[in-house]
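What's in input-v8.cif: mmCIF, C-alpha atoms
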data_target
loop_
_atom_site.label_atom_id
_atom_site.label_comp_id
_atom_site.auth_asym_id
_atom_site.auth_seq_id
_atom_site.Cartn_x
_atom_site.Cartn_y
_atom_site.Cartn_z
CA MET A 219 8.24 2.14 -9.96
CA GLN A 220 7.24 5.76 -9.65
CA LEU A 221 4.65 7.13 -7.22
CA ASP A 222 2.24 9.94 -7.96
CA ILE A 223 1.50 11.26 -4.46
CA ASP A 224 -1.36 13.54 -3.42
CA ILE A 225 -1.61 14.67 0.21
CA GLU A 226 -5.00 15.89 1.47
CA ASP A 227 -6.17 16.16 5.07
CA TRP A 228 -3.00 14.82 6.71
CA PRO A 229 -1.04 16.88 9.22
CA ALA A 230 2.18 18.54 8.12
CA GLY A 231 4.97 16.02 7.77
CA GLU A 232 7.37 14.32 5.43
CA TRP A 233 4.70 12.01 3.98
CA GLU A 234 5.92 12.19 0.40
CA ALA A 235 9.51 11.36 1.38
CA LEU A 236 8.23 8.54 3.59
CA ALA A 237 6.15 7.07 0.74
CA GLU A 238 9.09 7.29 -1.67
CA ARG A 239 11.33 5.52 0.86
CA VAL A 240 8.75 2.78 1.36
CA ALA A 241 8.36 2.26 -2.39
CA GLU A 242 12.12 2.17 -2.95
CA THR A 243 12.59 -0.38 -0.16
CA ALA A 244 9.69 -2.51 -1.43
CA GLN A 245 11.22 -2.57 -4.91
CA GLY A 246 14.40 -4.01 -3.43
CA VAL A 247 12.49 -6.91 -1.89
CA THR A 248 9.75 -7.63 -4.45
CA GLU A 249 10.98 -7.93 -8.02
CA GLU A 250 7.57 -7.31 -9.57
CA LEU A 251 7.50 -3.79 -8.13
CA ALA A 252 10.99 -3.00 -9.45
CA ASN A 253 9.81 -2.53 -13.04
CA PRO A 254 10.84 1.10 -13.82
CA ARG A 255 7.89 1.47 -16.20
CA LEU A 256 5.38 1.03 -13.37
CA THR A 257 3.60 3.94 -11.77
CA ALA A 258 1.08 4.02 -8.93
CA SER A 259 -0.95 6.76 -7.32
CA LEU A 260 -1.04 7.23 -3.56
CA LEU A 261 -3.64 9.46 -1.92
CA PHE A 262 -3.15 10.50 1.70
CA THR A 263 -6.70 11.46 2.66
CA ASN A 264 -9.27 11.27 5.46
CA ASP A 265 -11.69 8.66 6.75
CA ALA A 266 -14.68 10.26 5.00
CA GLU A 267 -13.06 9.98 1.56
CA VAL A 268 -11.89 6.40 2.15
CA HIS A 269 -15.36 5.55 3.49
CA THR A 270 -16.90 6.85 0.26
CA LEU A 271 -14.42 4.92 -1.89
CA ASN A 272 -14.90 1.76 0.17
CA ARG A 273 -18.70 2.00 -0.17
CA GLU A 274 -18.65 2.78 -3.90
CA TRP A 275 -16.01 0.27 -5.00
CA ARG A 276 -16.11 -2.50 -2.39
CA ASP A 277 -19.70 -2.33 -1.07
CA ARG A 278 -18.35 -1.86 2.46
CA ASP A 279 -20.03 1.04 4.23
CA LYS A 280 -17.19 2.05 6.55
CA PRO A 281 -13.77 3.63 6.46
CA THR A 282 -10.67 1.43 6.50
CA ASN A 283 -6.98 2.12 6.88
CA VAL A 284 -5.83 1.58 3.28
CA LEU A 285 -7.60 0.81 0.01
CA SER A 286 -5.88 -0.61 -3.02
CA PHE A 287 -7.18 -0.68 -6.56
CA PRO A 288 -4.90 -2.88 -8.69
CA MET A 289 -4.98 -2.56 -12.47
CA PHE A 290 -3.50 -5.99 -13.18
CA ALA A 291 -3.95 -9.58 -12.17
CA ARG A 292 -0.71 -10.92 -10.69
CA ALA A 293 0.06 -13.13 -13.70
CA ASP A 294 -0.36 -10.18 -16.07
CA LEU A 295 1.90 -8.01 -13.92
CA LEU A 296 4.60 -10.68 -13.90
CA ALA A 297 4.38 -10.92 -17.69
CA LEU A 298 5.06 -7.20 -18.24
CA THR A 299 8.21 -6.40 -20.13
CA ILE A 300 10.75 -4.29 -18.31
CA ASP A 301 13.03 -3.71 -21.26
CA GLY A 302 11.91 -2.20 -24.49
CA PRO A 303 12.62 0.59 -26.88
CA PRO A 304 13.38 3.99 -25.35
CA GLY A 305 10.35 6.11 -24.68
CA MET A 306 7.98 3.27 -23.81
CA PRO A 307 5.04 4.69 -21.86
CA PRO A 308 4.58 4.12 -18.14
CA ILE A 309 2.26 1.38 -16.98
CA MET A 310 -0.30 2.19 -14.27
CA LEU A 311 -0.04 -0.42 -11.51
CA GLY A 312 -2.98 0.94 -9.54
CA ASP A 313 -4.18 3.36 -6.88
CA LEU A 314 -3.85 3.48 -3.09
CA ALA A 315 -5.75 5.60 -0.57
CA LEU A 316 -4.71 5.98 3.08
CA ALA A 317 -7.16 7.26 5.72
CA TYR A 318 -5.53 9.51 8.32
CA GLU A 319 -7.93 9.14 11.25
CA THR A 320 -7.98 5.35 11.06
CA CYS A 321 -4.21 5.21 10.59
CA ALA A 322 -3.61 7.51 13.56
CA ARG A 323 -6.07 5.62 15.79
CA GLU A 324 -4.52 2.24 14.91
CA ALA A 325 -1.01 3.59 15.52
CA LEU A 326 -2.06 4.86 18.95
CA ASP A 327 -3.69 1.50 19.78
CA LYS A 328 -0.48 -0.31 18.75
CA GLY A 329 1.77 2.14 20.59
CA ILE A 330 3.74 3.01 17.45
CA SER A 331 4.28 6.19 15.46
CA VAL A 332 1.86 7.22 12.74
CA GLU A 333 4.86 7.27 10.37
CA ASP A 334 5.69 3.61 11.08
CA HIS A 335 2.07 2.54 10.74
CA ALA A 336 1.62 4.54 7.53
CA SER A 337 4.76 2.85 6.19
CA HIS A 338 3.24 -0.54 6.96
CA LEU A 339 -0.04 0.39 5.28
CA ILE A 340 1.76 1.64 2.17
CA VAL A 341 3.75 -1.60 1.99
CA HIS A 342 0.54 -3.59 2.46
CA GLY A 343 -1.21 -1.61 -0.29
CA LEU A 344 1.71 -1.90 -2.72
CA LEU A 345 1.77 -5.66 -2.22
CA HIS A 346 -1.95 -5.77 -3.02
CA LEU A 347 -1.21 -3.82 -6.21
CA ALA A 348 1.43 -6.45 -7.00
CA GLY A 349 -1.21 -9.17 -6.75
CA TYR A 350 -0.65 -10.44 -3.23
CA ASP A 351 -3.84 -11.17 -1.31
CA HIS A 352 -4.05 -12.24 2.32
CA GLU A 353 -7.73 -13.19 1.99
CA ILE A 354 -7.26 -16.09 -0.46
CA SER A 355 -5.63 -18.61 1.86
CA ASP A 356 -3.48 -18.91 4.97
CA GLU A 357 -0.47 -19.62 2.74
CA ASP A 358 -1.06 -16.44 0.74
CA ALA A 359 -1.52 -14.45 3.95
CA ASP A 360 1.73 -15.88 5.36
CA ALA A 361 3.63 -15.02 2.15
CA MET A 362 2.29 -11.47 2.12
CA GLU A 363 3.04 -10.93 5.80
CA ALA A 364 6.59 -12.28 5.37
CA LEU A 365 7.21 -9.72 2.62
CA GLU A 366 5.73 -6.92 4.74
CA ILE A 367 7.97 -7.88 7.67
CA ALA A 368 11.07 -8.07 5.42
CA ILE A 369 10.42 -4.69 3.79
CA LEU A 370 9.69 -2.96 7.09
CA ALA A 371 12.76 -4.55 8.72
CA LYS A 372 14.94 -3.02 5.99
CA MET A 373 13.47 0.33 7.01
CA GLY A 374 14.18 -0.28 10.71
CA ILE A 375 10.49 -0.77 11.53
CA ALA A 376 9.48 -3.54 13.92
CA ASP A 377 7.42 -6.55 12.85
CA PRO A 378 3.81 -5.31 12.90
CA TYR A 379 2.57 -8.86 13.52
CA ALA A 380 4.89 -9.71 16.42
CA ASP A 381 2.23 -9.19 19.09
CA ARG A 382 -0.19 -11.70 17.54
CA LEU A 383 -0.66 -15.02 19.26
#

Spell out the structure here as structure tokens.
Amino acid sequence: MQLDIDIEDWPAGEWEALAERVAETAQGVTEELANPRLTASLLFTNDAEVHTLNREWRDRDKPTNVLSFPMFARADLLALTIDGPPGMPPIMLGDLALAYETCAREALDKGISVEDHASHLIVHGLLHLAGYDHEISDEDADAMEALEIAILAKMGIADPYADRL
């Protein structure tokens, strides 16, 4: 999977390298993301932009930490062919948008770095693009969280759900 990364309204940092590392690690854990024909866009932006996107596309009039816009249902993604003749075009998996102010505030509240929290949010968004959904059932939420924890652990990032009761 390739990422098309656009960074707007985030402080100076190694955000592109971080996102690439997250995507590479996720591909090693979730086979459906390892298709080399897949591409996804990732926008590092501000709360105002995410608020607008959330209102327009999800009818939720507030900012949020990460938005994901998948292009495929999970079954269709799993049916995609990896192999094929040379020169096959890329396949757009979907779009992600990360809101800086919300991400930074949540990181502060959790007592973790913005980089670690952004990594978690990118993982979370990529899993949504891959068809995982924590809102369907407790079993689906548990499966998605287990993947998030596994991917982040491979990156040396602590379990983001460890403090839950």

Could you build a table of the residues in range 251-336 of chain A lying no more than 10 Å from range 358-379 of chain A, giving for each the nearest pair of atoms and their separation in Å rounded to one decimal place, using all atoms listed in the file, ordered by chain and ascending residue number, as JSON lines?
{"residue": "A:Lys328", "atom": "CA", "partner": "A:Pro378", "partner_atom": "CA", "distance": 8.8}
{"residue": "A:Ile330", "atom": "CA", "partner": "A:Ala376", "partner_atom": "CA", "distance": 9.4}
{"residue": "A:Glu333", "atom": "CA", "partner": "A:Ile375", "partner_atom": "CA", "distance": 9.9}
{"residue": "A:Asp334", "atom": "CA", "partner": "A:Ile375", "partner_atom": "CA", "distance": 6.5}
{"residue": "A:His335", "atom": "CA", "partner": "A:Pro378", "partner_atom": "CA", "distance": 8.3}

Just the residues within 9 Å of Asp222 in chain A, please, counting all atoms listed in the file, with nothing from its chain fewer than 3 positions along; format it as a ChimeraX atom specification.
/A:257-261

Applied to this file, what does the PyMOL selection byres ((chain A and resi 287) around 8) return in terms of residues, put as a PDB file with C-alpha atoms, in the frame of the given file?
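Written out: expr29.pdb:
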ATOM      1  CA  LEU A 285      -7.600   0.810   0.010  1.00  0.00           C
ATOM      2  CA  SER A 286      -5.880  -0.610  -3.020  1.00  0.00           C
ATOM      3  CA  PRO A 288      -4.900  -2.880  -8.690  1.00  0.00           C
ATOM      4  CA  MET A 289      -4.980  -2.560 -12.470  1.00  0.00           C
ATOM      5  CA  GLY A 312      -2.980   0.940  -9.540  1.00  0.00           C
ATOM      6  CA  ASP A 313      -4.180   3.360  -6.880  1.00  0.00           C
ATOM      7  CA  LEU A 314      -3.850   3.480  -3.090  1.00  0.00           C
ATOM      8  CA  LEU A 347      -1.210  -3.820  -6.210  1.00  0.00           C
TER       9      LEU A 347
END

May I ask which of the residues A:Leu256, A:Met306, A:Ala244, A:Val341 is the closest one to Met219 in chain A, counting only C-alpha atoms?
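Among A:Leu256, A:Met306, A:Ala244, A:Val341, it is A:Leu256 that comes nearest to Met219 in chain A.
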
Do a neighbour search on Asn264 in chain A at 7 Å with all atoms listed in the file, toss out local chain neighbours closer than 6 positions, and write the hits as number ranges by chain.
A: 227, 317-319

Taking the file as shown, find all residues satisfying the PyMOL selection byres ((chain A and resi 283) around 8) and write them as a count of residues only.
10

Separation of CA of Gly246 in chain A and CA of Ala293 in chain A, in Å?
19.9 Å

When the PyMOL selection byres ((chain A and resi 294) around 12) is applied to the file above, which residues end up in the set, as a list of chain:residue names?
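Selection result, ordered by chain and number: A:Glu250, A:Pro288, A:Met289, A:Phe290, A:Ala291, A:Arg292, A:Ala293, A:Leu295, A:Leu296, A:Ala297, A:Leu298, A:Thr299, A:Ile309, A:Leu311, A:Leu347, A:Ala348, A:Gly349.
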
Writing out the chosen residues with C-alpha atoms as an mmCIF file, in the coordinates of the input:
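Written out: selection_19.cif:
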data_model
loop_
_atom_site.group_PDB
_atom_site.id
_atom_site.type_symbol
_atom_site.label_atom_id
_atom_site.label_comp_id
_atom_site.auth_asym_id
_atom_site.auth_seq_id
_atom_site.Cartn_x
_atom_site.Cartn_y
_atom_site.Cartn_z
ATOM 1 C CA GLU A 250 7.570 -7.310 -9.570
ATOM 2 C CA PRO A 288 -4.900 -2.880 -8.690
ATOM 3 C CA MET A 289 -4.980 -2.560 -12.470
ATOM 4 C CA PHE A 290 -3.500 -5.990 -13.180
ATOM 5 C CA ALA A 291 -3.950 -9.580 -12.170
ATOM 6 C CA ARG A 292 -0.710 -10.920 -10.690
ATOM 7 C CA ALA A 293 0.060 -13.130 -13.700
ATOM 8 C CA LEU A 295 1.900 -8.010 -13.920
ATOM 9 C CA LEU A 296 4.600 -10.680 -13.900
ATOM 10 C CA ALA A 297 4.380 -10.920 -17.690
ATOM 11 C CA LEU A 298 5.060 -7.200 -18.240
ATOM 12 C CA THR A 299 8.210 -6.400 -20.130
ATOM 13 C CA ILE A 309 2.260 1.380 -16.980
ATOM 14 C CA LEU A 311 -0.040 -0.420 -11.510
ATOM 15 C CA LEU A 347 -1.210 -3.820 -6.210
ATOM 16 C CA ALA A 348 1.430 -6.450 -7.000
ATOM 17 C CA GLY A 349 -1.210 -9.170 -6.750
#

When you count all atoms listed in the file, which of these residues is closest to Ile223 in chain A: A:Val332, A:Ala315, A:Leu326, A:Val247?
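Ranked by minimum distance to Ile223 in chain A, first place goes to A:Ala315.
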
Could you tell me how far CA of Phe262 in chain A sits from CA of Glu234 in chain A, in Å to one decimal place?
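Separation of CA of Glu234 in chain A and CA of Phe262 in chain A: 9.3 Å.
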
With distances taken over all atoms listed in the file, which residue among A:Met310, A:Tyr350, A:Gly329, A:Ser337 lies nearest Ala235 in chain A?
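Nearest to Ala235 in chain A: A:Ser337.
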
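The space between CA of Asn253 in chain A and CA of Gln220 in chain A spans 9.3 Å.
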
Residues at most 12 Å from Arg278 in chain A, counting all atoms listed in the file, excluding those fewer than 6 positions away in the same chain, as a PyMOL selection string?
chain A and resi 268-272+285
